[in-house]
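A.B. asks: Sharing work30.txt (compact mmCIF, C-alpha atoms) below.
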```
# COMPACT_ATOMS: atom_id res chain seq x y z
CA MET A 1 -5.80 -16.87 -44.52
CA ILE A 2 -5.45 -15.66 -48.09
CA VAL A 3 -2.72 -13.26 -49.18
CA VAL A 4 -2.02 -11.98 -52.68
CA LEU A 5 1.50 -11.73 -54.10
CA ARG A 6 1.64 -9.32 -57.01
CA ILE A 7 4.61 -9.89 -59.30
CA GLY A 8 5.80 -8.26 -62.51
CA HIS A 9 4.49 -4.85 -61.42
CA ARG A 10 6.13 -1.99 -63.33
CA PRO A 11 6.07 1.19 -61.24
CA GLN A 12 3.95 3.95 -62.81
CA ARG A 13 2.79 1.90 -65.81
CA ASP A 14 0.97 -0.72 -63.71
CA MET A 15 -0.08 1.56 -60.90
CA ARG A 16 -3.75 1.50 -61.72
CA VAL A 17 -4.05 -2.20 -62.43
CA THR A 18 -2.12 -3.14 -59.28
CA THR A 19 -4.28 -0.78 -57.23
CA HIS A 20 -7.36 -2.55 -58.63
CA VAL A 21 -5.76 -5.89 -57.72
CA GLY A 22 -5.21 -4.71 -54.15
CA LEU A 23 -8.69 -3.24 -53.70
CA THR A 24 -10.28 -6.35 -55.17
CA ALA A 25 -8.23 -8.52 -52.83
CA ARG A 26 -9.39 -6.47 -49.86
CA ALA A 27 -13.08 -6.28 -50.85
CA LEU A 28 -13.41 -9.98 -51.63
CA GLY A 29 -11.82 -11.46 -48.56
CA ALA A 30 -8.03 -11.57 -48.84
CA ASP A 31 -6.06 -10.54 -45.77
CA GLY A 32 -3.32 -8.59 -47.47
CA MET A 33 -1.06 -8.12 -50.47
CA TYR A 34 2.69 -8.31 -51.03
CA ILE A 35 4.02 -6.37 -54.01
CA ALA A 36 7.27 -7.59 -55.55
CA ALA A 37 8.25 -4.06 -56.58
CA ASP A 38 8.98 -0.66 -55.11
CA ASP A 39 5.88 1.52 -55.50
CA ARG A 40 4.90 3.67 -52.57
CA GLY A 41 2.07 5.28 -54.56
CA VAL A 42 0.15 2.02 -54.90
CA VAL A 43 0.72 1.14 -51.26
CA THR A 44 -0.54 4.54 -50.18
CA SER A 45 -3.70 4.48 -52.25
CA ILE A 46 -4.72 1.01 -51.10
CA ARG A 47 -3.98 1.90 -47.47
CA ASP A 48 -6.06 5.07 -47.80
CA VAL A 49 -9.08 3.05 -48.87
CA ALA A 50 -8.49 0.44 -46.17
CA ASP A 51 -8.19 3.18 -43.59
CA ARG A 52 -11.47 4.85 -44.61
CA PHE A 53 -13.54 1.75 -45.36
CA GLY A 54 -12.30 -0.39 -42.47
CA GLY A 55 -10.92 -3.87 -41.98
CA GLU A 56 -7.41 -5.16 -41.38
CA PHE A 57 -6.04 -5.46 -44.92
CA PHE A 58 -2.26 -5.04 -45.12
CA VAL A 59 -0.07 -4.01 -48.08
CA GLU A 60 3.68 -4.38 -48.28
CA ASP A 61 5.94 -3.49 -51.21
CA LYS A 62 9.62 -4.30 -51.93
CA VAL A 63 8.99 -7.99 -51.31
CA GLY A 64 11.25 -10.53 -53.04
CA TRP A 65 8.86 -12.91 -54.79
CA ASN A 66 11.18 -15.89 -54.63
CA SER A 67 11.86 -15.69 -50.91
CA CYS A 68 8.24 -14.80 -50.21
CA ILE A 69 7.08 -18.03 -51.86
CA LYS A 70 9.72 -20.12 -50.10
CA ARG A 71 8.86 -18.68 -46.71
CA TRP A 72 5.15 -19.22 -47.31
CA LYS A 73 5.73 -22.88 -48.11
CA GLN A 74 8.06 -23.38 -45.13
CA ASP A 75 5.25 -22.06 -42.95
CA GLY A 76 2.94 -24.75 -44.30
CA GLY A 77 1.03 -22.58 -46.78
CA VAL A 78 0.02 -23.48 -50.31
CA VAL A 79 0.82 -21.39 -53.35
CA VAL A 80 -1.72 -20.79 -56.11
CA HIS A 81 -0.57 -19.13 -59.31
CA LEU A 82 -3.36 -17.59 -61.36
CA THR A 83 -2.62 -18.06 -65.05
CA MET A 84 -4.66 -18.65 -68.19
CA PHE A 85 -2.48 -21.74 -68.78
CA GLY A 86 -3.51 -23.51 -65.57
CA LEU A 87 -6.26 -25.93 -64.61
CA ASN A 88 -9.72 -24.43 -64.77
CA LEU A 89 -10.88 -23.15 -61.38
CA PRO A 90 -14.04 -25.31 -61.16
CA ASP A 91 -11.85 -28.42 -61.45
CA VAL A 92 -9.62 -27.59 -58.47
CA GLU A 93 -11.59 -25.23 -56.26
CA GLU A 94 -12.97 -27.89 -53.95
CA GLU A 95 -9.48 -29.04 -53.03
CA ILE A 96 -8.09 -25.52 -52.68
CA ARG A 97 -10.98 -24.54 -50.41
CA THR A 98 -9.73 -27.03 -47.82
CA LYS A 99 -6.41 -25.17 -47.44
CA GLU A 100 -5.95 -22.80 -44.54
CA LYS A 101 -3.12 -20.63 -45.77
CA ILE A 102 -3.18 -19.63 -49.42
CA LEU A 103 -0.77 -17.35 -51.27
CA VAL A 104 -2.34 -16.25 -54.56
CA ILE A 105 0.17 -15.09 -57.14
CA VAL A 106 -1.14 -12.50 -59.57
CA GLY A 107 1.29 -11.79 -62.38
CA ALA A 108 1.43 -9.02 -64.94
CA GLU A 109 1.91 -9.85 -68.61
CA LYS A 110 5.07 -11.97 -68.33
CA VAL A 111 6.01 -14.09 -65.33
CA PRO A 112 9.23 -16.03 -64.60
CA GLY A 113 9.00 -19.57 -66.00
CA ASP A 114 10.01 -21.04 -62.61
CA LEU A 115 6.70 -19.98 -61.15
CA TYR A 116 4.80 -22.80 -62.82
CA GLN A 117 6.95 -25.31 -60.92
CA MET A 118 7.08 -23.41 -57.64
CA ALA A 119 3.30 -23.11 -57.39
CA ASP A 120 1.31 -25.93 -55.83
CA TYR A 121 -1.56 -25.06 -58.16
CA ASN A 122 -1.57 -23.24 -61.48
CA VAL A 123 -5.16 -22.11 -61.80
CA ALA A 124 -7.01 -20.56 -64.74
CA VAL A 125 -10.25 -18.64 -64.59
CA THR A 126 -11.11 -19.99 -68.03
CA ASN A 127 -8.21 -20.63 -70.43
CA GLN A 128 -9.02 -17.39 -72.25
CA PRO A 129 -6.96 -14.19 -72.09
CA HIS A 130 -8.66 -11.51 -70.01
CA SER A 131 -7.54 -9.69 -66.87
CA GLU A 132 -5.62 -10.55 -63.72
CA ILE A 133 -8.10 -8.41 -61.81
CA ALA A 134 -11.03 -10.44 -63.13
CA GLY A 135 -9.21 -13.69 -62.44
CA LEU A 136 -8.48 -12.73 -58.85
CA ALA A 137 -12.06 -11.57 -58.29
CA VAL A 138 -13.60 -14.83 -59.47
CA PHE A 139 -10.98 -16.87 -57.61
CA LEU A 140 -11.69 -15.12 -54.31
CA ASP A 141 -15.44 -15.32 -54.81
CA HIS A 142 -15.07 -19.11 -55.17
CA ILE A 143 -12.47 -19.66 -52.46
CA ALA A 144 -12.68 -17.02 -49.71
CA PRO A 145 -15.40 -17.73 -47.17
CA ASN A 146 -18.28 -15.27 -47.59
CA ALA A 147 -16.42 -13.21 -50.17
CA LEU A 148 -19.48 -11.08 -50.95
CA HIS A 149 -20.54 -10.60 -47.34
CA ARG A 150 -17.42 -9.49 -45.48
CA GLU A 151 -17.48 -7.19 -42.50
CA PHE A 152 -14.99 -4.31 -42.30
CA PRO A 153 -14.77 -3.19 -38.69
CA GLY A 154 -13.51 0.27 -37.85
CA ALA A 155 -14.81 1.94 -41.04
CA LYS A 156 -15.00 5.73 -41.20
CA VAL A 157 -17.21 5.58 -44.29
CA ARG A 158 -19.88 3.02 -44.95
CA VAL A 159 -22.02 2.50 -48.06
CA PHE A 160 -25.46 0.96 -47.64
CA PRO A 161 -27.23 -0.94 -50.42
CA ASN A 162 -29.64 1.33 -52.28
CA PRO A 163 -31.85 0.26 -55.21
CA CYS A 164 -31.54 3.60 -57.01
CA GLY A 165 -29.19 6.13 -55.48
CA LYS A 166 -26.38 6.52 -52.97
CA THR A 167 -26.51 5.99 -49.22
CA VAL A 168 -23.21 6.86 -47.61
CA GLU A 169 -22.64 7.20 -43.90
CA GLU A 170 -19.61 9.03 -42.49
CA LEU A 171 -18.87 7.61 -39.06
CA MET B 1 -28.00 -12.22 -74.33
CA ILE B 2 -25.67 -10.09 -72.23
CA VAL B 3 -23.97 -6.98 -73.59
CA VAL B 4 -21.71 -4.57 -71.70
CA LEU B 5 -22.01 -0.80 -72.06
CA ARG B 6 -18.82 0.93 -70.98
CA ILE B 7 -19.33 4.57 -70.05
CA GLY B 8 -17.02 7.29 -68.75
CA HIS B 9 -14.08 5.93 -70.74
CA ARG B 10 -11.35 8.53 -71.25
CA PRO B 11 -9.35 7.75 -74.40
CA GLN B 12 -5.70 6.89 -73.67
CA ARG B 13 -5.99 7.14 -69.88
CA ASP B 14 -8.54 4.32 -69.57
CA MET B 15 -7.32 2.25 -72.48
CA ARG B 16 -5.95 -0.55 -70.39
CA VAL B 17 -8.83 -0.80 -67.94
CA THR B 18 -11.43 -0.71 -70.71
CA THR B 19 -9.51 -3.38 -72.62
CA HIS B 20 -9.60 -5.54 -69.48
CA VAL B 21 -13.35 -4.88 -69.22
CA GLY B 22 -13.86 -6.02 -72.81
CA LEU B 23 -11.69 -9.13 -72.53
CA THR B 24 -13.37 -10.09 -69.26
CA ALA B 25 -16.78 -9.62 -70.85
CA ARG B 26 -15.78 -11.87 -73.74
CA ALA B 27 -14.13 -14.59 -71.63
CA LEU B 28 -16.96 -14.84 -69.11
CA GLY B 29 -19.92 -15.06 -71.43
CA ALA B 30 -21.04 -11.63 -72.60
CA ASP B 31 -21.91 -11.29 -76.28
CA GLY B 32 -20.38 -7.91 -76.94
CA MET B 33 -19.48 -4.45 -75.67
CA TYR B 34 -20.56 -0.94 -76.58
CA ILE B 35 -18.12 1.83 -75.68
CA ALA B 36 -19.57 5.30 -75.12
CA ALA B 37 -16.38 6.95 -76.39
CA ASP B 38 -14.20 7.18 -79.46
CA ASP B 39 -11.22 4.86 -79.01
CA ARG B 40 -10.18 2.79 -81.97
CA GLY B 41 -7.16 1.42 -80.08
CA VAL B 42 -9.29 -0.38 -77.51
CA VAL B 43 -11.64 -1.71 -80.18
CA THR B 44 -8.71 -3.04 -82.18
CA SER B 45 -7.01 -4.79 -79.29
CA ILE B 46 -10.17 -6.54 -78.14
CA ARG B 47 -11.02 -7.56 -81.71
CA ASP B 48 -7.51 -8.93 -82.18
CA VAL B 49 -7.95 -11.24 -79.21
CA ALA B 50 -11.45 -12.25 -80.30
CA ASP B 51 -10.13 -12.99 -83.77
CA ARG B 52 -7.30 -15.20 -82.50
CA PHE B 53 -9.10 -16.92 -79.63
CA GLY B 54 -12.46 -17.42 -81.35
CA GLY B 55 -16.10 -16.77 -80.59
CA GLU B 56 -18.50 -14.10 -81.81
CA PHE B 57 -17.81 -11.23 -79.39
CA PHE B 58 -18.50 -7.80 -80.90
CA VAL B 59 -17.12 -4.38 -79.91
CA GLU B 60 -18.48 -1.05 -81.03
CA ASP B 61 -17.26 2.41 -80.00
CA LYS B 62 -18.80 5.90 -80.47
CA VAL B 63 -22.07 4.73 -78.94
CA GLY B 64 -24.30 7.30 -77.23
CA TRP B 65 -24.97 5.85 -73.78
CA ASN B 66 -28.34 7.53 -73.38
CA SER B 67 -29.81 6.36 -76.67
CA CYS B 68 -28.21 2.94 -76.24
CA ILE B 69 -30.04 2.44 -72.94
CA LYS B 70 -33.33 3.71 -74.36
CA ARG B 71 -33.12 1.46 -77.39
CA TRP B 72 -32.25 -1.53 -75.22
CA LYS B 73 -35.32 -0.97 -73.06
CA GLN B 74 -37.58 -0.41 -76.07
CA ASP B 75 -36.43 -3.79 -77.34
CA GLY B 76 -37.57 -5.39 -74.09
CA GLY B 77 -34.16 -5.68 -72.44
CA VAL B 78 -33.28 -4.94 -68.83
CA VAL B 79 -30.52 -2.60 -67.75
CA VAL B 80 -28.17 -3.44 -64.89
CA HIS B 81 -25.83 -0.74 -63.61
CA LEU B 82 -22.86 -2.07 -61.65
CA THR B 83 -22.07 0.31 -58.80
CA MET B 84 -20.78 -0.01 -55.26
CA PHE B 85 -23.90 1.90 -54.15
CA GLY B 86 -26.37 -0.69 -55.44
CA LEU B 87 -28.03 -3.77 -53.97
CA ASN B 88 -25.62 -6.58 -53.23
CA LEU B 89 -25.47 -9.12 -56.07
CA PRO B 90 -26.48 -12.17 -53.99
CA ASP B 91 -29.75 -10.39 -53.11
CA VAL B 92 -30.83 -9.79 -56.72
CA GLU B 93 -29.03 -12.37 -58.83
CA GLU B 94 -31.83 -14.92 -58.84
CA GLU B 95 -34.24 -12.41 -60.36
CA ILE B 96 -31.71 -11.07 -62.86
CA ARG B 97 -30.86 -14.59 -64.00
CA THR B 98 -34.41 -14.97 -65.33
CA LYS B 99 -33.93 -12.08 -67.80
CA GLU B 100 -33.12 -12.87 -71.40
CA LYS B 101 -31.60 -9.62 -72.57
CA ILE B 102 -29.30 -7.83 -70.15
CA LEU B 103 -27.32 -4.64 -70.72
CA VAL B 104 -24.62 -4.33 -68.06
CA ILE B 105 -23.37 -0.80 -67.54
CA VAL B 106 -19.78 -0.55 -66.36
CA GLY B 107 -18.81 2.99 -65.42
CA ALA B 108 -15.46 4.58 -64.78
CA GLU B 109 -14.90 6.70 -61.68
CA LYS B 110 -17.81 9.14 -62.10
CA VAL B 111 -21.10 8.32 -63.81
CA PRO B 112 -24.04 10.61 -64.70
CA GLY B 113 -26.52 10.76 -61.81
CA ASP B 114 -29.41 9.90 -64.17
CA LEU B 115 -28.05 6.40 -64.55
CA TYR B 116 -29.30 5.30 -61.15
CA GLN B 117 -32.87 6.04 -62.27
CA MET B 118 -32.51 4.75 -65.81
CA ALA B 119 -31.22 1.35 -64.70
CA ASP B 120 -33.68 -1.39 -63.81
CA TYR B 121 -31.16 -2.68 -61.28
CA ASN B 122 -28.29 -0.95 -59.54
CA VAL B 123 -26.10 -3.82 -58.44
CA ALA B 124 -23.07 -3.89 -56.16
CA VAL B 125 -20.48 -6.62 -55.94
CA THR B 126 -20.08 -5.84 -52.26
CA ASN B 127 -20.58 -2.21 -51.18
CA GLN B 128 -16.80 -1.76 -50.99
CA PRO B 129 -14.69 0.24 -53.45
CA HIS B 130 -12.64 -2.01 -55.71
CA SER B 131 -12.60 -2.38 -59.50
CA GLU B 132 -15.14 -2.29 -62.30
CA ILE B 133 -13.26 -5.19 -63.89
CA ALA B 134 -13.65 -7.29 -60.74
CA GLY B 135 -17.30 -6.31 -60.42
CA LEU B 136 -18.06 -7.31 -63.99
CA ALA B 137 -16.19 -10.61 -63.61
CA VAL B 138 -18.12 -11.67 -60.52
CA PHE B 139 -21.41 -10.46 -62.02
CA LEU B 140 -20.94 -12.51 -65.19
CA ASP B 141 -19.79 -15.55 -63.25
CA HIS B 142 -23.07 -15.39 -61.29
CA ILE B 143 -25.38 -14.47 -64.17
CA ALA B 144 -24.07 -15.74 -67.52
CA PRO B 145 -24.85 -19.41 -68.13
CA ASN B 146 -21.68 -21.49 -67.86
CA ALA B 147 -19.44 -18.46 -67.54
CA LEU B 148 -16.36 -20.56 -66.78
CA HIS B 149 -17.02 -23.19 -69.44
CA ARG B 150 -17.70 -21.25 -72.63
CA GLU B 151 -16.83 -22.53 -76.07
CA PHE B 152 -15.13 -20.19 -78.56
CA PRO B 153 -15.61 -21.64 -82.03
CA GLY B 154 -13.30 -20.64 -84.85
CA ALA B 155 -10.22 -20.10 -82.63
CA LYS B 156 -6.79 -19.85 -84.25
CA VAL B 157 -5.07 -20.31 -80.89
CA ARG B 158 -6.26 -22.56 -78.12
CA VAL B 159 -4.87 -22.97 -74.60
CA PHE B 160 -5.35 -26.30 -72.86
CA PRO B 161 -5.40 -26.68 -69.07
CA ASN B 162 -1.98 -27.70 -67.76
CA PRO B 163 -1.13 -28.31 -64.10
CA CYS B 164 2.39 -26.88 -64.40
CA GLY B 165 3.30 -25.35 -67.72
CA LYS B 166 1.84 -24.07 -70.98
CA THR B 167 -0.02 -26.02 -73.62
CA VAL B 168 -0.88 -23.84 -76.58
CA GLU B 169 -2.18 -25.09 -79.89
CA GLU B 170 -2.03 -22.97 -83.04
CA LEU B 171 -4.82 -24.10 -85.34
```
Show me this structure written as structure tokens.

C.D. replies:
Amino acid sequence: MIVVLRIGHRPQRDMRVTTHVGLTARALGADGMYIAADDRGVVTSIRDVADRFGGEFFVEDKVGWNSCIKRWKQDGGVVVHLTMFGLNLPDVEEEIRTKEKILVIVGAEKVPGDLYQMADYNVAVTNQPHSEIAGLAVFLDHIAPNALHREFPGAKVRVFPNPCGKTVEEL
Amino acid sequence: MIVVLRIGHRPQRDMRVTTHVGLTARALGADGMYIAADDRGVVTSIRDVADRFGGEFFVEDKVGWNSCIKRWKQDGGVVVHLTMFGLNLPDVEEEIRTKEKILVIVGAEKVPGDLYQMADYNVAVTNQPHSEIAGLAVFLDHIAPNALHREFPGAKVRVFPNPCGKTVEEL
């Protein structure tokens, strides 16, 4: 089980980036996302996609990040913090892949300093500055089983691979 | 050589997403980015990062997407359009990896219908809706040689992997 915890989200300003984080999480094999902020708009747009395109992805806002992390660890899960300051993904991915319950923390620009100690793994997708969306995507592709071949049961809309056009089925 | 062509960028509104696209391109092994729009702000922020963190990444705005694609093909390059409607990356990546000169088109929400015909490959990173930043990240990780282990010569700032904190060197 892989769940994303989005922290540092500023309502309105980060709406689009956090929506991308949630949709990426869903598409590439995470089970859900907690948002440590109050933003109904983001929750609604991710749920709309999940409702139309299928699967069981959950989204929950107004989550306290601190208690969320503590609870996750009490339940035997591991906590991975994605940060450009961490260990490069290829150097830790084999170990992380053995874990059954992973909370992936995706921060916005600034994160609380405590996080580095609270996380079991601080992981970088390269030590270069880029994008938390990109970092999450590569992380999931390396860690989530079959990230690029997930099934999404119960879809109302399905897109089929097409070499040069669009094939969309409304179910 | 891999270069990104960003189309459909709306100045101001897409500033942040396009900046993430550019930084992701740079971090994960692309050589540069053309932007089919006039947005000095995006160009400046990507160049600032490239200047501080090293490497030879270029950014150019005010590029006509149509002529850019035609020129690229005349020069013997292939054109890959990232779209959720395309063929799934794992099914085409082996072939694309053999190409020496790849233009990766990253669209915003709507793209001109012609693109599907103009591209040599329409490629999906899953046929699910998510994020052009995520799609580009996974694409580069699969296609660019050593995407997660690039060197960035001439850096003024360098981040070193740290299991639980920050190690930053100003050079």

A.B. asks: Could you please determine the separation between CA of Val111 in chain A and CA of Leu148 in chain B in Å, to one decimal place?

C.D. replies: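 We find that CA of Val111 in chain A and CA of Leu148 in chain B lie 23.3 Å from each other.
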
A.B. asks: For a quick test of understanding: name the residues of chain B lying within 7 Å of chain A when counting all atoms listed in the file, and present them as a PDB file with C-alpha atoms, in the coordinates of the input.

C.D. replies:
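selection17.pdb, written as the output of this step:
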```pdb
ATOM      1  CA  HIS B  20      -9.600  -5.540 -69.480  1.00  0.00           C
ATOM      2  CA  LEU B  23     -11.690  -9.130 -72.530  1.00  0.00           C
ATOM      3  CA  THR B  24     -13.370 -10.090 -69.260  1.00  0.00           C
ATOM      4  CA  ALA B  27     -14.130 -14.590 -71.630  1.00  0.00           C
ATOM      5  CA  PHE B  85     -23.900   1.900 -54.150  1.00  0.00           C
ATOM      6  CA  GLY B  86     -26.370  -0.690 -55.440  1.00  0.00           C
ATOM      7  CA  LEU B  87     -28.030  -3.770 -53.970  1.00  0.00           C
ATOM      8  CA  ASN B  88     -25.620  -6.580 -53.230  1.00  0.00           C
ATOM      9  CA  TYR B 116     -29.300   5.300 -61.150  1.00  0.00           C
ATOM     10  CA  GLN B 117     -32.870   6.040 -62.270  1.00  0.00           C
ATOM     11  CA  TYR B 121     -31.160  -2.680 -61.280  1.00  0.00           C
ATOM     12  CA  ASN B 122     -28.290  -0.950 -59.540  1.00  0.00           C
ATOM     13  CA  VAL B 125     -20.480  -6.620 -55.940  1.00  0.00           C
ATOM     14  CA  THR B 126     -20.080  -5.840 -52.260  1.00  0.00           C
ATOM     15  CA  ASN B 127     -20.580  -2.210 -51.180  1.00  0.00           C
ATOM     16  CA  GLN B 128     -16.800  -1.760 -50.990  1.00  0.00           C
ATOM     17  CA  PRO B 129     -14.690   0.240 -53.450  1.00  0.00           C
ATOM     18  CA  HIS B 130     -12.640  -2.010 -55.710  1.00  0.00           C
ATOM     19  CA  SER B 131     -12.600  -2.380 -59.500  1.00  0.00           C
ATOM     20  CA  ILE B 133     -13.260  -5.190 -63.890  1.00  0.00           C
ATOM     21  CA  ALA B 134     -13.650  -7.290 -60.740  1.00  0.00           C
ATOM     22  CA  ALA B 137     -16.190 -10.610 -63.610  1.00  0.00           C
ATOM     23  CA  VAL B 138     -18.120 -11.670 -60.520  1.00  0.00           C
ATOM     24  CA  LEU B 148     -16.360 -20.560 -66.780  1.00  0.00           C
ATOM     25  CA  HIS B 149     -17.020 -23.190 -69.440  1.00  0.00           C
ATOM     26  CA  VAL B 159      -4.870 -22.970 -74.600  1.00  0.00           C
ATOM     27  CA  PHE B 160      -5.350 -26.300 -72.860  1.00  0.00           C
ATOM     28  CA  PRO B 161      -5.400 -26.680 -69.070  1.00  0.00           C
ATOM     29  CA  ASN B 162      -1.980 -27.700 -67.760  1.00  0.00           C
ATOM     30  CA  PRO B 163      -1.130 -28.310 -64.100  1.00  0.00           C
ATOM     31  CA  CYS B 164       2.390 -26.880 -64.400  1.00  0.00           C
ATOM     32  CA  GLY B 165       3.300 -25.350 -67.720  1.00  0.00           C
ATOM     33  CA  LYS B 166       1.840 -24.070 -70.980  1.00  0.00           C
ATOM     34  CA  THR B 167      -0.020 -26.020 -73.620  1.00  0.00           C
TER      35      THR B 167
END
```

A.B. asks: How many Å lie between CA of Met15 in chain B and CA of Ser67 in chain B, rounded to one decimal?

C.D. replies: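 A separation of 23.2 Å between them.
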
A.B. asks: Write out as number ranges by chain each polymer residue whose atoms come within 12 Å of Val79 in chain A, counting all atoms listed in the file; drop sequence neighbours fewer than 3 positions from it.

C.D. replies: A: 1-5, 65-66, 68-76, 82, 96, 99-106, 115-123

A.B. asks: Grab the residues selected above and save them as a PDB file, in the coordinates of the input with C-alpha atoms.

C.D. replies:
```pdb
ATOM      1  CA  MET A   1      -5.800 -16.870 -44.520  1.00  0.00           C
ATOM      2  CA  ILE A   2      -5.450 -15.660 -48.090  1.00  0.00           C
ATOM      3  CA  VAL A   3      -2.720 -13.260 -49.180  1.00  0.00           C
ATOM      4  CA  VAL A   4      -2.020 -11.980 -52.680  1.00  0.00           C
ATOM      5  CA  LEU A   5       1.500 -11.730 -54.100  1.00  0.00           C
ATOM      6  CA  TRP A  65       8.860 -12.910 -54.790  1.00  0.00           C
ATOM      7  CA  ASN A  66      11.180 -15.890 -54.630  1.00  0.00           C
ATOM      8  CA  CYS A  68       8.240 -14.800 -50.210  1.00  0.00           C
ATOM      9  CA  ILE A  69       7.080 -18.030 -51.860  1.00  0.00           C
ATOM     10  CA  LYS A  70       9.720 -20.120 -50.100  1.00  0.00           C
ATOM     11  CA  ARG A  71       8.860 -18.680 -46.710  1.00  0.00           C
ATOM     12  CA  TRP A  72       5.150 -19.220 -47.310  1.00  0.00           C
ATOM     13  CA  LYS A  73       5.730 -22.880 -48.110  1.00  0.00           C
ATOM     14  CA  GLN A  74       8.060 -23.380 -45.130  1.00  0.00           C
ATOM     15  CA  ASP A  75       5.250 -22.060 -42.950  1.00  0.00           C
ATOM     16  CA  GLY A  76       2.940 -24.750 -44.300  1.00  0.00           C
ATOM     17  CA  LEU A  82      -3.360 -17.590 -61.360  1.00  0.00           C
ATOM     18  CA  ILE A  96      -8.090 -25.520 -52.680  1.00  0.00           C
ATOM     19  CA  LYS A  99      -6.410 -25.170 -47.440  1.00  0.00           C
ATOM     20  CA  GLU A 100      -5.950 -22.800 -44.540  1.00  0.00           C
ATOM     21  CA  LYS A 101      -3.120 -20.630 -45.770  1.00  0.00           C
ATOM     22  CA  ILE A 102      -3.180 -19.630 -49.420  1.00  0.00           C
ATOM     23  CA  LEU A 103      -0.770 -17.350 -51.270  1.00  0.00           C
ATOM     24  CA  VAL A 104      -2.340 -16.250 -54.560  1.00  0.00           C
ATOM     25  CA  ILE A 105       0.170 -15.090 -57.140  1.00  0.00           C
ATOM     26  CA  VAL A 106      -1.140 -12.500 -59.570  1.00  0.00           C
ATOM     27  CA  LEU A 115       6.700 -19.980 -61.150  1.00  0.00           C
ATOM     28  CA  TYR A 116       4.800 -22.800 -62.820  1.00  0.00           C
ATOM     29  CA  GLN A 117       6.950 -25.310 -60.920  1.00  0.00           C
ATOM     30  CA  MET A 118       7.080 -23.410 -57.640  1.00  0.00           C
ATOM     31  CA  ALA A 119       3.300 -23.110 -57.390  1.00  0.00           C
ATOM     32  CA  ASP A 120       1.310 -25.930 -55.830  1.00  0.00           C
ATOM     33  CA  TYR A 121      -1.560 -25.060 -58.160  1.00  0.00           C
ATOM     34  CA  ASN A 122      -1.570 -23.240 -61.480  1.00  0.00           C
ATOM     35  CA  VAL A 123      -5.160 -22.110 -61.800  1.00  0.00           C
TER      36      VAL A 123
END
```

A.B. asks: Report as lines of an AutoDock Vina configuration file the centre and the edge lengths, in Å to one decimal, of the axis-aligned box holding every listed atom of range 83-91 of chain A, padded by 6 Å on each side.

C.D. replies:
```
center_x = -8.3
center_y = -23.2
center_z = -65.0
size_x = 23.6
size_y = 22.4
size_z = 19.6
```

A.B. asks: For Leu171 in chain B, which of B:His9, B:Arg52, B:Lys110, B:Glu95 is the closest residue, counting all atoms listed in the file?

C.D. replies: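 The shortest atom-to-atom distance to Leu171 in chain B comes from B:Arg52.
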
A.B. asks: As an exercise, work out the distance from CA of Pro11 in chain A to CA of Thr18 in chain B in Å and give it to one decimal place.

C.D. replies: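 Between CA of Pro11 in chain A and CA of Thr18 in chain B the gap works out to 20.0 Å.
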
A.B. asks: Do you know which residues are at most 9 Å from Arg97 in chain B counting all atoms listed in the file, after dropping those on the same chain fewer than 5 positions away, and could you put them as a list in words?

C.D. replies: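 That gives Val92, His142, Ile143, Ala144 and Pro145 of chain B.
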
A.B. asks: Tell me which protein, DNA and RNA residues are within 10 Å of Pro112 in chain A, counting all atoms listed in the file, leaving out same-chain ones fewer than 4 positions away, and put them as a short mmCIF file (atom, residue, chain, number, x, y, z; two decimals) with C-alpha atoms, in the coordinates of the input.

C.D. replies:
```
data_model
loop_
_atom_site.label_atom_id
_atom_site.label_comp_id
_atom_site.auth_asym_id
_atom_site.auth_seq_id
_atom_site.Cartn_x
_atom_site.Cartn_y
_atom_site.Cartn_z
CA ILE A 7 4.61 -9.89 -59.30
CA GLY A 8 5.80 -8.26 -62.51
CA GLY A 107 1.29 -11.79 -62.38
CA TYR A 116 4.80 -22.80 -62.82
#
```

A.B. asks: Find the residue from A:Ala30, A:Gln12, A:Arg6, A:Glu169 that sits nearest to Gly55 in chain A; use only C-alpha atoms when measuring.

C.D. replies: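 Using only C-alpha atoms, Gly55 in chain A sits closest to A:Ala30.
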
A.B. asks: Compile the contact shell of Asp39 in chain A as a list of chain:residue names: residues with an atom at most 7 Å away, counting only C-alpha atoms, same-chain residues fewer than 2 positions apart removed.

C.D. replies: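 Non-adjacent residues within range: A:Pro11, A:Ala37, A:Gly41, A:Val42, A:Val43, A:Asp61.
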